[in-house]
>>> print(open('final-v2.cif').read())   # mmCIF, C-alpha atoms and all ligand atoms
data_protein
#
loop_
_atom_site.label_atom_id
_atom_site.label_comp_id
_atom_site.auth_asym_id
_atom_site.auth_seq_id
_atom_site.Cartn_x
_atom_site.Cartn_y
_atom_site.Cartn_z
CA MET A 20 23.43 -34.52 24.55
CA THR A 21 22.07 -37.74 26.02
CA ILE A 22 24.05 -39.77 28.51
CA ASP A 23 24.53 -42.45 25.82
CA GLN A 24 26.18 -39.92 23.55
CA LYS A 25 28.26 -38.40 26.33
CA VAL A 26 29.94 -41.60 27.45
CA ARG A 27 30.97 -42.27 23.87
CA LYS A 28 33.07 -39.14 23.70
CA THR A 29 36.43 -38.62 25.42
CA LEU A 30 36.79 -36.08 28.22
CA ASP A 31 38.88 -33.94 25.86
CA GLU A 32 36.08 -33.97 23.32
CA LEU A 33 33.65 -33.00 26.07
CA GLY A 34 35.95 -30.16 27.11
CA ILE A 35 36.54 -31.52 30.61
CA ALA A 36 40.01 -30.63 31.80
CA ASP A 37 40.05 -30.61 35.60
CA ALA A 38 39.05 -32.74 38.62
CA PRO A 39 35.80 -30.82 39.46
CA GLY A 40 34.75 -31.26 35.85
CA VAL A 41 35.41 -34.99 36.06
CA GLU A 42 33.39 -35.27 39.24
CA ALA A 43 30.45 -33.43 37.72
CA ALA A 44 30.50 -35.67 34.66
CA PHE A 45 30.46 -38.83 36.76
CA ALA A 46 27.68 -37.41 38.96
CA GLU A 47 25.60 -37.06 35.82
CA VAL A 48 26.21 -40.69 34.87
CA ARG A 49 25.35 -41.86 38.38
CA ALA A 50 22.14 -39.84 38.43
CA ALA A 51 21.07 -41.31 35.08
CA MET A 52 21.77 -44.82 36.33
CA GLN A 53 19.78 -44.29 39.54
CA ALA A 54 16.88 -42.69 37.68
CA GLU A 55 16.56 -45.62 35.30
CA ARG A 56 16.64 -48.09 38.17
CA ALA A 57 14.01 -46.14 40.11
CA ALA A 58 11.79 -45.91 37.02
CA LEU A 59 11.87 -49.67 36.55
CA ILE A 60 10.97 -50.24 40.21
CA ALA A 61 8.11 -47.77 39.95
CA ARG A 62 6.87 -49.39 36.78
CA GLY A 63 6.87 -52.91 38.19
CA ALA A 64 6.30 -55.98 36.06
CA ALA A 65 3.15 -57.84 35.08
CA SER A 66 4.73 -61.26 35.41
CA GLU A 67 7.89 -62.98 36.53
CA SER A 68 9.05 -63.45 32.99
CA GLU A 69 8.48 -59.80 32.14
CA ARG A 70 10.34 -58.81 35.28
CA GLU A 71 13.27 -60.97 34.29
CA LYS A 72 13.40 -59.46 30.85
CA LEU A 73 13.14 -55.85 32.09
CA CYS A 74 15.85 -56.41 34.67
CA LYS A 75 18.13 -58.09 32.16
CA ASP A 76 17.64 -55.28 29.64
CA LEU A 77 18.53 -52.61 32.16
CA ARG A 78 21.48 -54.60 33.42
CA ASP A 79 22.82 -55.19 29.93
CA ARG A 80 22.34 -51.59 28.92
CA TRP A 81 24.68 -50.53 31.71
CA LEU A 82 26.89 -53.47 32.50
CA ALA A 83 27.33 -55.52 29.33
CA ARG A 84 31.00 -56.03 28.58
CA LYS A 85 30.43 -55.14 24.95
CA ASN A 86 28.64 -51.83 24.36
CA GLY A 87 27.50 -51.41 27.98
CA LEU A 88 27.52 -47.79 29.19
CA LEU A 89 30.11 -48.58 31.86
CA SER A 90 32.43 -50.17 29.33
CA ALA A 91 32.16 -46.97 27.30
CA VAL A 92 33.08 -44.88 30.34
CA ASP A 93 36.04 -47.18 30.93
CA GLU A 94 37.16 -46.93 27.33
CA LYS A 95 36.52 -43.26 26.58
CA TRP A 96 36.87 -41.54 29.93
CA LEU A 97 39.35 -43.63 31.92
CA LYS A 98 41.67 -45.30 29.45
CA ALA A 99 41.80 -42.22 27.19
CA ALA A 100 42.20 -39.75 30.04
CA ARG A 101 45.10 -37.39 30.11
CA LYS A 102 47.76 -38.44 32.61
CA GLU A 103 47.08 -35.67 35.13
CA LEU A 104 43.36 -36.48 35.21
CA LYS A 105 43.84 -40.27 35.59
CA PRO A 106 43.77 -40.36 39.40
CA SER A 107 40.50 -38.46 39.73
CA VAL A 108 38.86 -40.33 36.82
CA GLY A 109 40.03 -43.64 38.33
CA LYS A 110 38.55 -42.80 41.68
CA SER A 111 35.20 -41.71 40.28
CA PHE A 112 35.05 -44.73 38.03
CA ASN A 113 35.61 -47.07 40.97
CA ASN A 114 32.75 -45.47 42.86
CA LEU A 115 30.51 -45.75 39.84
CA ARG A 116 31.39 -49.41 39.42
CA GLN A 117 30.57 -50.13 43.04
CA GLU A 118 27.24 -48.44 42.79
CA SER A 119 26.41 -50.25 39.61
CA ALA A 120 26.17 -53.50 41.58
CA ALA A 121 22.56 -52.44 42.21
CA LEU A 122 21.91 -53.11 38.53
CA GLU A 123 22.81 -56.80 38.71
CA ILE A 124 19.73 -58.84 37.80
CA ALA A 125 19.25 -60.45 41.21
CA ALA A 126 19.47 -57.10 43.01
CA LEU A 127 17.03 -55.52 40.58
CA ALA A 128 14.53 -58.38 40.65
CA ARG A 129 14.37 -58.14 44.44
CA ASP A 130 13.15 -54.56 44.20
CA VAL A 131 10.95 -54.61 41.13
CA PRO A 132 7.40 -55.49 42.27
CA LEU A 133 5.00 -57.74 40.44
CA ARG A 134 1.73 -56.00 39.68
CA LYS A 135 -1.37 -57.93 40.64
CA GLN A 136 -3.34 -59.39 37.75
CA ALA A 137 -6.19 -56.91 38.09
CA GLU A 138 -3.86 -53.97 38.05
CA ALA A 139 -1.82 -55.41 35.21
CA ASN A 140 -4.94 -55.85 33.06
CA GLY A 141 -7.35 -53.18 34.13
CA GLY A 142 -5.42 -50.67 36.21
CA ILE A 143 -2.71 -49.84 33.78
CA PRO A 144 -3.46 -49.15 30.17
CA ALA A 145 -1.90 -51.53 27.70
CA GLY A 146 1.37 -50.27 26.40
CA GLY A 147 2.41 -49.05 29.84
CA SER A 148 1.81 -45.84 31.69
CA PRO A 149 4.22 -43.37 33.24
CA PRO A 150 6.05 -45.08 36.13
CA MET A 151 4.78 -42.55 38.67
CA ALA A 152 1.14 -43.29 37.85
CA ALA A 153 1.72 -46.99 38.34
CA GLN A 154 3.17 -46.36 41.75
CA MET A 155 0.35 -44.09 42.85
CA TYR A 156 -2.23 -46.58 41.67
CA ARG A 157 -0.75 -49.27 43.86
CA GLU A 158 -0.71 -47.08 46.92
CA THR A 159 -4.28 -45.81 46.73
CA PRO A 160 -6.76 -47.99 48.65
CA SER A 161 -9.80 -48.77 46.57
CA ASP A 162 -12.38 -47.94 49.29
CA LEU A 163 -11.50 -45.46 52.02
CA THR A 164 -14.60 -46.37 54.04
CA LEU A 165 -13.44 -49.98 54.61
CA PRO A 166 -12.50 -50.65 58.25
CA GLY A 167 -8.78 -50.64 59.08
CA ASN A 168 -6.72 -53.59 60.20
CA ARG A 169 -7.61 -54.26 63.83
CA ARG A 170 -5.06 -55.63 66.24
CA ALA A 171 -6.28 -58.69 68.11
CA LEU A 172 -7.20 -57.82 71.69
CA GLY A 173 -5.81 -59.92 74.53
CA THR A 174 -7.91 -61.33 77.34
CA LEU A 175 -7.60 -61.24 81.10
CA HIS A 176 -5.41 -64.01 82.48
CA PRO A 177 -7.52 -66.96 83.74
CA VAL A 178 -6.20 -66.46 87.28
CA THR A 179 -7.20 -62.79 87.12
CA GLN A 180 -10.64 -63.77 85.81
CA MET A 181 -11.06 -66.21 88.69
CA GLN A 182 -9.89 -63.60 91.19
CA ARG A 183 -12.37 -61.04 89.87
CA GLU A 184 -15.22 -63.54 90.01
CA ILE A 185 -14.48 -64.35 93.66
CA GLU A 186 -14.03 -60.67 94.52
CA GLU A 187 -17.39 -59.90 92.95
CA ILE A 188 -19.22 -62.35 95.22
CA PHE A 189 -17.73 -60.88 98.38
CA LEU A 190 -18.08 -57.29 97.21
CA ASN A 191 -21.81 -58.01 96.85
CA LEU A 192 -21.83 -59.23 100.46
CA GLY A 193 -20.43 -55.89 101.63
CA PHE A 194 -16.74 -56.82 101.87
CA HIS A 195 -13.99 -54.43 100.83
CA ILE A 196 -10.80 -55.26 98.98
CA GLU A 197 -7.57 -54.72 100.90
CA SER A 198 -3.98 -55.36 99.89
CA GLY A 199 -0.57 -55.54 101.49
CA PRO A 200 3.10 -55.89 100.59
CA GLU A 201 4.53 -59.03 98.99
CA ILE A 202 7.86 -58.32 100.68
CA GLU A 203 6.80 -58.71 104.29
CA SER A 204 8.38 -58.61 107.73
CA VAL A 205 8.83 -61.79 109.74
CA TYR A 206 6.70 -60.07 112.37
CA TYR A 207 3.59 -59.69 110.18
CA ASN A 208 4.08 -62.92 108.26
CA PHE A 209 4.61 -65.10 111.37
CA ASP A 210 4.90 -63.54 114.85
CA ALA A 211 1.75 -61.42 114.83
CA LEU A 212 -0.16 -64.41 113.50
CA ASN A 213 0.78 -66.48 116.49
CA ILE A 214 3.10 -68.69 114.45
CA PRO A 215 5.89 -69.66 116.87
CA GLU A 216 9.57 -69.57 115.97
CA SER A 217 9.61 -73.36 116.08
CA HIS A 218 6.87 -73.76 113.47
CA PRO A 219 8.08 -75.74 110.43
CA SER A 220 6.64 -73.21 107.96
CA ARG A 221 9.19 -70.67 109.23
CA ASP A 222 12.03 -72.93 108.16
CA ASP A 223 14.08 -71.53 105.31
CA TRP A 224 13.33 -74.74 103.47
CA ASP A 225 9.74 -73.55 103.18
CA THR A 226 9.99 -69.77 103.25
CA LEU A 227 11.95 -67.47 100.95
CA TYR A 228 13.91 -65.15 103.25
CA ILE A 229 15.30 -61.86 102.03
CA ASP A 230 17.13 -61.37 105.32
CA SER A 231 16.53 -62.65 108.85
CA LYS A 232 13.70 -60.14 109.40
CA THR A 233 12.20 -60.04 105.90
CA VAL A 234 10.45 -62.65 103.76
CA LEU A 235 8.43 -62.96 100.60
CA ARG A 236 5.04 -63.42 102.24
CA THR A 237 4.02 -67.06 102.38
CA HIS A 238 0.30 -66.25 102.64
CA THR A 239 -2.06 -63.26 102.58
CA SER A 240 -2.82 -63.57 106.32
CA PRO A 241 -0.30 -60.87 107.39
CA VAL A 242 -2.70 -58.34 105.84
CA GLN A 243 -5.23 -59.37 108.53
CA ILE A 244 -2.98 -57.69 111.12
CA ARG A 245 -2.16 -54.71 108.91
CA ALA A 246 -5.85 -54.07 108.23
CA MET A 247 -6.85 -54.39 111.90
CA GLU A 248 -4.13 -51.88 112.80
CA LYS A 249 -5.26 -49.54 110.04
CA TYR A 250 -9.06 -49.72 110.37
CA GLY A 251 -9.82 -51.35 113.72
CA ALA A 252 -13.13 -53.24 114.13
CA PRO A 253 -15.69 -53.96 112.76
CA LEU A 254 -14.05 -55.09 109.54
CA HIS A 255 -15.14 -57.04 106.48
CA ILE A 256 -12.37 -57.45 103.90
CA ILE A 257 -10.97 -59.78 101.32
CA ILE A 258 -7.30 -59.72 100.43
CA PRO A 259 -6.24 -61.00 97.02
CA GLY A 260 -2.56 -61.22 96.18
CA LYS A 261 0.59 -63.08 95.27
CA CYS A 262 2.31 -65.37 97.78
CA TYR A 263 5.62 -67.18 97.67
CA ARG A 264 6.89 -70.45 99.04
CA ARG A 265 10.07 -72.38 98.54
CA ASP A 266 8.46 -75.07 96.43
CA ASN A 267 9.84 -76.67 93.30
CA PRO A 268 7.51 -76.15 90.38
CA ASP A 269 5.42 -79.18 89.46
CA ALA A 270 1.86 -79.82 88.32
CA SER A 271 0.39 -78.64 91.63
CA HIS A 272 3.11 -76.38 93.06
CA SER A 273 4.51 -73.04 92.05
CA PRO A 274 6.94 -70.91 94.06
CA MET A 275 4.62 -67.97 93.30
CA PHE A 276 0.88 -68.45 93.58
CA HIS A 277 -2.26 -66.45 94.40
CA GLN A 278 -4.45 -66.39 97.47
CA ILE A 279 -7.59 -64.64 98.56
CA GLU A 280 -7.93 -64.09 102.27
CA GLY A 281 -11.24 -63.27 103.90
CA LEU A 282 -11.65 -61.57 107.27
CA ALA A 283 -14.82 -60.60 109.09
CA ILE A 284 -14.69 -58.96 112.51
CA ALA A 285 -17.70 -57.64 114.42
CA SER A 286 -19.22 -57.75 117.88
CA ASP A 287 -21.22 -60.93 117.46
CA ILE A 288 -19.54 -63.09 114.81
CA THR A 289 -19.83 -66.85 115.28
CA PHE A 290 -18.75 -70.00 113.47
CA ALA A 291 -22.27 -70.14 112.02
CA ASP A 292 -21.55 -66.90 110.12
CA LEU A 293 -18.40 -68.47 108.74
CA LYS A 294 -20.21 -71.62 107.60
CA GLY A 295 -23.11 -69.70 106.12
CA THR A 296 -20.90 -67.26 104.26
CA LEU A 297 -18.60 -69.88 102.78
CA ASP A 298 -21.52 -72.13 101.81
CA PHE A 299 -23.18 -69.19 100.07
CA PHE A 300 -19.89 -68.37 98.35
CA ALA A 301 -19.34 -71.94 97.09
CA LYS A 302 -22.89 -72.12 95.71
CA ARG A 303 -22.52 -68.76 93.98
CA LEU A 304 -19.28 -69.78 92.37
CA PHE A 305 -19.92 -73.40 91.39
CA GLY A 306 -23.71 -73.66 91.38
CA GLN A 307 -26.60 -74.24 93.76
CA LYS A 308 -26.10 -78.01 93.84
CA ILE A 309 -22.71 -77.71 95.52
CA ARG A 310 -22.51 -78.79 99.17
CA THR A 311 -19.81 -77.76 101.61
CA ARG A 312 -18.12 -79.80 104.31
CA PHE A 313 -16.19 -78.44 107.30
CA GLN A 314 -13.58 -80.62 109.00
CA PRO A 315 -11.44 -79.76 112.00
CA SER A 316 -7.90 -78.63 111.22
CA PHE A 317 -5.18 -76.52 112.75
CA PHE A 318 -3.78 -73.08 112.04
CA PRO A 319 -1.92 -71.12 114.74
CA PHE A 320 -3.94 -67.97 113.94
CA THR A 321 -7.44 -69.45 114.13
CA GLU A 322 -9.18 -71.36 116.89
CA PRO A 323 -11.04 -73.48 116.17
CA SER A 324 -9.69 -74.08 112.66
CA GLY A 325 -11.30 -75.87 109.79
CA GLU A 326 -10.75 -77.19 106.32
CA VAL A 327 -13.50 -76.60 103.79
CA SER A 328 -14.32 -79.11 101.08
CA ILE A 329 -16.92 -78.80 98.36
CA SER A 330 -18.79 -81.69 96.78
CA CYS A 331 -16.92 -82.65 93.63
CA ILE A 332 -17.89 -80.30 90.81
CA PHE A 333 -17.03 -82.93 88.21
CA CYS A 334 -18.95 -85.98 89.47
CA GLY A 335 -21.40 -84.32 91.85
CA GLY A 336 -20.05 -86.38 94.74
CA GLU A 337 -20.22 -89.82 93.11
CA GLY A 338 -16.44 -90.23 93.07
CA CYS A 339 -14.10 -89.63 90.11
CA ARG A 340 -10.50 -89.07 89.03
CA VAL A 341 -10.43 -85.45 90.21
CA CYS A 342 -11.82 -86.03 93.73
CA LYS A 343 -9.85 -89.28 93.98
CA GLU A 344 -13.09 -91.21 94.41
CA SER A 345 -13.89 -89.36 97.64
CA GLY A 346 -16.66 -87.16 96.27
CA TRP A 347 -15.08 -84.12 97.97
CA ILE A 348 -12.49 -81.54 96.97
CA GLU A 349 -10.67 -79.61 99.66
CA VAL A 350 -10.61 -75.93 98.76
CA MET A 351 -9.58 -73.76 101.69
CA GLY A 352 -8.54 -73.26 105.29
CA CYS A 353 -10.59 -71.24 107.74
CA GLY A 354 -11.40 -70.66 111.38
CA MET A 355 -12.35 -68.21 114.11
CA VAL A 356 -9.65 -65.56 114.50
CA HIS A 357 -7.45 -66.46 117.50
CA PRO A 358 -7.92 -63.98 120.38
CA GLN A 359 -4.16 -63.35 120.46
CA VAL A 360 -4.25 -62.41 116.78
CA LEU A 361 -7.06 -59.91 117.44
CA ARG A 362 -4.98 -58.48 120.27
CA ASN A 363 -1.89 -58.28 118.03
CA GLY A 364 -3.99 -56.26 115.60
CA GLY A 365 -5.16 -53.91 118.36
CA VAL A 366 -8.69 -55.36 118.54
CA ASP A 367 -10.18 -56.26 121.94
CA PRO A 368 -11.20 -59.98 121.88
CA GLU A 369 -13.61 -59.33 124.76
CA LYS A 370 -15.62 -57.00 122.51
CA PHE A 371 -15.08 -58.47 119.07
CA SER A 372 -14.87 -61.84 117.44
CA GLY A 373 -14.12 -62.78 113.85
CA TRP A 374 -13.54 -65.43 111.27
CA ALA A 375 -11.02 -65.78 108.47
CA PHE A 376 -10.39 -67.99 105.50
CA GLY A 377 -7.67 -68.40 102.91
CA LEU A 378 -8.00 -69.98 99.48
CA GLY A 379 -5.71 -70.57 96.50
CA VAL A 380 -6.94 -68.69 93.44
CA ASP A 381 -4.84 -70.75 91.05
CA ARG A 382 -6.36 -73.94 92.41
CA PHE A 383 -9.87 -72.53 92.02
CA ALA A 384 -9.07 -71.58 88.43
CA MET A 385 -7.72 -75.11 87.81
CA LEU A 386 -10.96 -76.56 89.15
CA LYS A 387 -13.19 -74.21 87.26
CA TYR A 388 -11.41 -74.62 83.91
CA ASP A 389 -10.40 -78.26 84.45
CA ILE A 390 -6.67 -77.60 84.15
CA ASN A 391 -4.34 -80.24 85.54
CA ASP A 392 -1.05 -78.34 85.59
CA ILE A 393 -0.59 -75.07 87.52
CA GLN A 394 2.56 -74.33 85.50
CA LEU A 395 0.43 -73.56 82.45
CA PHE A 396 -0.69 -70.35 84.15
CA PHE A 397 2.81 -68.95 84.37
CA GLN A 398 4.41 -69.97 81.08
CA SER A 399 2.84 -67.12 79.08
CA ASP A 400 2.06 -69.47 76.21
CA VAL A 401 -0.49 -67.63 74.08
CA ARG A 402 -1.88 -70.92 72.72
CA PHE A 403 -3.00 -71.67 76.28
CA LEU A 404 -3.96 -68.17 77.38
CA GLU A 405 -6.06 -67.30 74.34
CA GLN A 406 -8.51 -70.07 75.27
CA PHE A 407 -9.91 -67.96 78.10
N1 LIG B 501 -3.05 -68.65 105.65
C1 LIG B 501 -3.49 -70.02 105.50
C2 LIG B 501 -2.64 -70.71 104.45
O1 LIG B 501 -1.94 -70.06 103.74
C3 LIG B 501 -4.94 -70.12 105.12
C4 LIG B 501 -5.88 -69.59 106.19
C5 LIG B 501 -6.25 -68.26 106.17
C6 LIG B 501 -6.35 -70.44 107.14
C7 LIG B 501 -7.11 -67.79 107.14
C8 LIG B 501 -7.22 -69.97 108.11
C9 LIG B 501 -7.61 -68.64 108.11
O2 LIG B 501 -2.65 -71.93 104.34
#
>>> encode(input="final-v2.cif", output="structure tokens", more="lines below")
Ligand code: PHE
Amino acid sequence: MTIDQKVRKTLDELGIADAPGVEAAFAEVRAAMQAERAALIARGAASESEREKLCKDLRDRWLARKNGLLSAVDEKWLKAARKELKPSVGKSFNNLRQESAALEIAALARDVPLRKQAEANGGIPAGGSPPMAAQMYRETPSDLTLPGNRRALGTLHPVTQMQREIEEIFLNLGFHIESGPEIESVYYNFDALNIPESHPSRDDWDTLYIDSKTVLRTHTSPVQIRAMEKYGAPLHIIIPGKCYRRDNPDASHSPMFHQIEGLAIASDITFADLKGTLDFFAKRLFGQKIRTRFQPSFFPFTEPSGEVSISCIFCGGEGCRVCKESGWIEVMGCGMVHPQVLRNGGVDPEKFSGWAFGLGVDRFAMLKYDINDIQLFFQSDVRFLEQF
């Protein structure tokens, strides 16, 4: 007996006389309903209008007020049920009604796929094919040797690229890469570097203190002391890393930024070595035409101290917006390591001398890529980052 015939007979006529029997009968109806829905989804439709018609047909078959299968169940099974069976028939019928919401046209149309034109014409024989075949056809790729979908690869952050480029130059000169902690003691960050308690940079307006003895390092110079303690002299290292200062973010300031420190210590190091090395470095990085300029400056941990400028990489020294018409761009601080700093690192200043420099990697990256806002580096905006 088909499901259509069954729902048009009363439970008495079907010989169903107890609750388990009722449940089994409803389970059969539910299964038929689900199977027809699944078959339509598997079949799909060749066009929107066909989909609408197929969905409406299935909906009407089950839910039409007149002659719908559910109306028949209501009429023949529920209304005509014997009194003692009413509660269990009522309950099952309610469940069935709830589930039948999936046969409303909108709910069906959402799930019934449209076949692509090629499939509709060529893939599936006219007159329709078994629903299962249609589904398998859709899921089989036409050429298994085609490459898969590749995920786009990211790139190194521009600051990282700049850092690596600078590292490369010094590695080729025989320097080693050293690193140290970003959470640093006041001793290494200031005292051991000869920076007196009265120095303005130690002010908590400028430095981020964790407690009275601990700071977020304000520069990479504390690693000078740590490395001297660890390796002694001679020593040729560069120290890349993050630094922190209590600055409000703007186009040229960021509370977190990147430095590379350089330190060379040996028995006969002079200021000439410093000048020669940094001039070589600038030419390697920005091109042979670049000139360097050293001007006197002051740092507590170097004596004498200098500021290094390079001839403007944008105008070649003629004067422009970037170099503020001066022809020069200041790029780093440097100097001969102060004898007290050597001593603090356990190195005898009578036997050894050294030089050091410190540069801002972010600033170098801004120069190299002509970027006018340091904040762009730290906003993680892919539209910016994917350009590098
Ligand atoms: N530490 C200095 C700064 O952060 C830079 C520097 C390093 C200067 C080494 C001289 C020698 O400004």
>>> axis_aligned_box(input="final-v2.cif", around="region 234-249 of chain A", padding_each_side="3 Å", output="JSON")
{"center_x": 1.8, "center_y": -58.3, "center_z": 106.7, "size_x": 23.3, "size_y": 23.5, "size_z": 18.2}
>>> residues_near_ligand(input="final-v2.cif", ligand="ligand LIG 501 (chain B)", cutoff="9 Å", atoms="all atoms listed in the file", output="VMD selection string")
chain A and resid 237 to 241 243 262 278 to 282 317 to 321 324 to 326 351 to 356 374 to 379
>>> residues_around(input="final-v2.cif", residues="Arg56 (chain A)", least_positions_apart="6", cutoff="12 Å", atoms="all atoms listed in the file", output="list in words")
Arg49, Ala50, Arg62, Gly63, Leu73, Cys74, Lys75, Asp76, Leu77, Arg78, Arg80, Trp81, Glu118, Ser119, Ala120, Ala121, Leu122, Glu123, Ile124, Ala126, Leu127, Ala128, Asp130, Val131 and Pro150 of chain A
>>> atom_distance(input="final-v2.cif", atom1="CA of Arg265 (chain A)", atom2="CA of Glu248 (chain A)")
28.7 Å
>>> atom_distance(input="final-v2.cif", atom1="CA of Val205 (chain A)", atom2="CA of His218 (chain A)")
12.7 Å
>>> closest_residue(input="final-v2.cif", among="A:His357, A:Ser231, A:Asp210, A:Phe189", to="Leu297 (chain A)", atoms="all atoms listed in the file")
A:Phe189
>>> residues_around(input="final-v2.cif", residues="Gly336 (chain A)", least_positions_apart="3", cutoff="10 Å", atoms="all atoms listed in the file", output="list in words")
Ile309, Arg310, Ile329, Ser330, Cys331, Ile332, Phe333, Cys339, Cys342, Glu344, Ser345, Gly346, Trp347 and Ile348 of chain A
>>> residues_around(input="final-v2.cif", residues="Val26 (chain A)", least_positions_apart="2", cutoff="8 Å", atoms="all atoms listed in the file", output="list in words")
Ile22, Asp23, Gln24, Lys28, Thr29, Leu88, Ala91, Val92, Lys95 and Trp96 of chain A
>>> atom_distance(input="final-v2.cif", atom1="CA of Ile188 (chain A)", atom2="CA of Ala252 (chain A)")
21.9 Å
>>> closest_residue(input="final-v2.cif", among="A:Leu386, A:Ala64, A:Ala301, A:Ile393", to="Arg129 (chain A)", atoms="all atoms listed in the file")
A:Ala64
>>> residues_around(input="final-v2.cif", residues="Gly34 (chain A)", least_positions_apart="3", cutoff="12 Å", atoms="all atoms listed in the file", output="JSON list (two decimals) with C-alpha atoms, in the coordinates of the input")
[["chain", "number", "residue", "atom", "x", "y", "z"],
["A", 25, "LYS", "CA", 28.26, -38.40, 26.33],
["A", 28, "LYS", "CA", 33.07, -39.14, 23.70],
["A", 29, "THR", "CA", 36.43, -38.62, 25.42],
["A", 30, "LEU", "CA", 36.79, -36.08, 28.22],
["A", 31, "ASP", "CA", 38.88, -33.94, 25.86],
["A", 37, "ASP", "CA", 40.05, -30.61, 35.60],
["A", 40, "GLY", "CA", 34.75, -31.26, 35.85],
["A", 41, "VAL", "CA", 35.41, -34.99, 36.06],
["A", 44, "ALA", "CA", 30.50, -35.67, 34.66],
["A", 96, "TRP", "CA", 36.87, -41.54, 29.93],
["A", 100, "ALA", "CA", 42.20, -39.75, 30.04]]
>>> residues_near_point(input="final-v2.cif", point="(-16.3, -58.4, 112.4)", cutoff="8 Å", atoms="only C-alpha atoms", output="list in words")
Ala252, Pro253, Leu254, His255, Leu282, Ala283, Ile284, Ala285, Ser286, Asp287, Ile288, Phe371, Ser372, Gly373 and Trp374 of chain A
>>> write_last_selection(input="final-v2.cif", atoms="C-alpha atoms", output="CSV table (one decimal), in the frame of the given file")
chain,number,residue,atom,x,y,z
A,252,ALA,CA,-13.1,-53.2,114.1
A,253,PRO,CA,-15.7,-54.0,112.8
A,254,LEU,CA,-14.0,-55.1,109.5
A,255,HIS,CA,-15.1,-57.0,106.5
A,282,LEU,CA,-11.6,-61.6,107.3
A,283,ALA,CA,-14.8,-60.6,109.1
A,284,ILE,CA,-14.7,-59.0,112.5
A,285,ALA,CA,-17.7,-57.6,114.4
A,286,SER,CA,-19.2,-57.8,117.9
A,287,ASP,CA,-21.2,-60.9,117.5
A,288,ILE,CA,-19.5,-63.1,114.8
A,371,PHE,CA,-15.1,-58.5,119.1
A,372,SER,CA,-14.9,-61.8,117.4
A,373,GLY,CA,-14.1,-62.8,113.8
A,374,TRP,CA,-13.5,-65.4,111.3
>>> closest_residue(input="final-v2.cif", among="A:Pro166, A:Pro259, A:Gly109, A:Pro219", to="Glu201 (chain A)", atoms="all atoms listed in the file")
A:Pro259
>>> residues_around(input="final-v2.cif", residues="Tyr206 (chain A)", least_positions_apart="3", cutoff="12 Å", atoms="all atoms listed in the file", output="list in words")
Ile202, Glu203, Phe209, Asp210, Ala211, Leu212, Asn213, Ile214, Pro215, Glu216, Arg221, Ser231, Lys232, Thr233, Val234, Arg236, Ser240, Pro241, Val242, Ile244, Arg245, Asn363 and Gly364 of chain A
>>> residues_near_point(input="final-v2.cif", point="(-14.7, -76.9, 103.4)", cutoff="6 Å", atoms="all atoms listed in the file", output="list in words")
Thr311, Arg312, Phe313, Glu326, Val327, Ser328 and Ile329 of chain A
>>> closest_residue(input="final-v2.cif", among="A:Glu55, A:Met247, A:Thr226, A:Gly199", to="Val360 (chain A)", atoms="only C-alpha atoms")
A:Met247
>>> decode(input="final-v2.cif", residues="region 378-395 of chain A", atoms="C-alpha atoms", output="mmCIF file, in the first residue's frame")
data_model
loop_
_atom_site.group_PDB
_atom_site.id
_atom_site.type_symbol
_atom_site.label_atom_id
_atom_site.label_comp_id
_atom_site.auth_asym_id
_atom_site.auth_seq_id
_atom_site.Cartn_x
_atom_site.Cartn_y
_atom_site.Cartn_z
ATOM 1 C CA LEU A 378 69.357 53.336 14.304
ATOM 2 C CA GLY A 379 65.567 53.209 13.987
ATOM 3 C CA VAL A 380 64.491 50.401 11.652
ATOM 4 C CA ASP A 381 61.011 51.836 11.186
ATOM 5 C CA ARG A 382 62.489 55.140 10.080
ATOM 6 C CA PHE A 383 64.789 53.390 7.611
ATOM 7 C CA ALA A 384 61.807 51.489 6.215
ATOM 8 C CA MET A 385 59.866 54.768 5.908
ATOM 9 C CA LEU A 386 62.769 56.283 3.977
ATOM 10 C CA LYS A 387 63.286 53.295 1.762
ATOM 11 C CA TYR A 388 59.601 52.834 0.881
ATOM 12 C CA ASP A 389 58.714 56.549 1.016
ATOM 13 C CA ILE A 390 56.105 56.144 3.748
ATOM 14 C CA ASN A 391 55.112 59.262 5.657
ATOM 15 C CA ASP A 392 53.254 57.748 8.608
ATOM 16 C CA ILE A 393 54.890 55.249 10.999
ATOM 17 C CA GLN A 394 51.441 54.207 12.255
ATOM 18 C CA LEU A 395 50.791 52.389 8.976
#
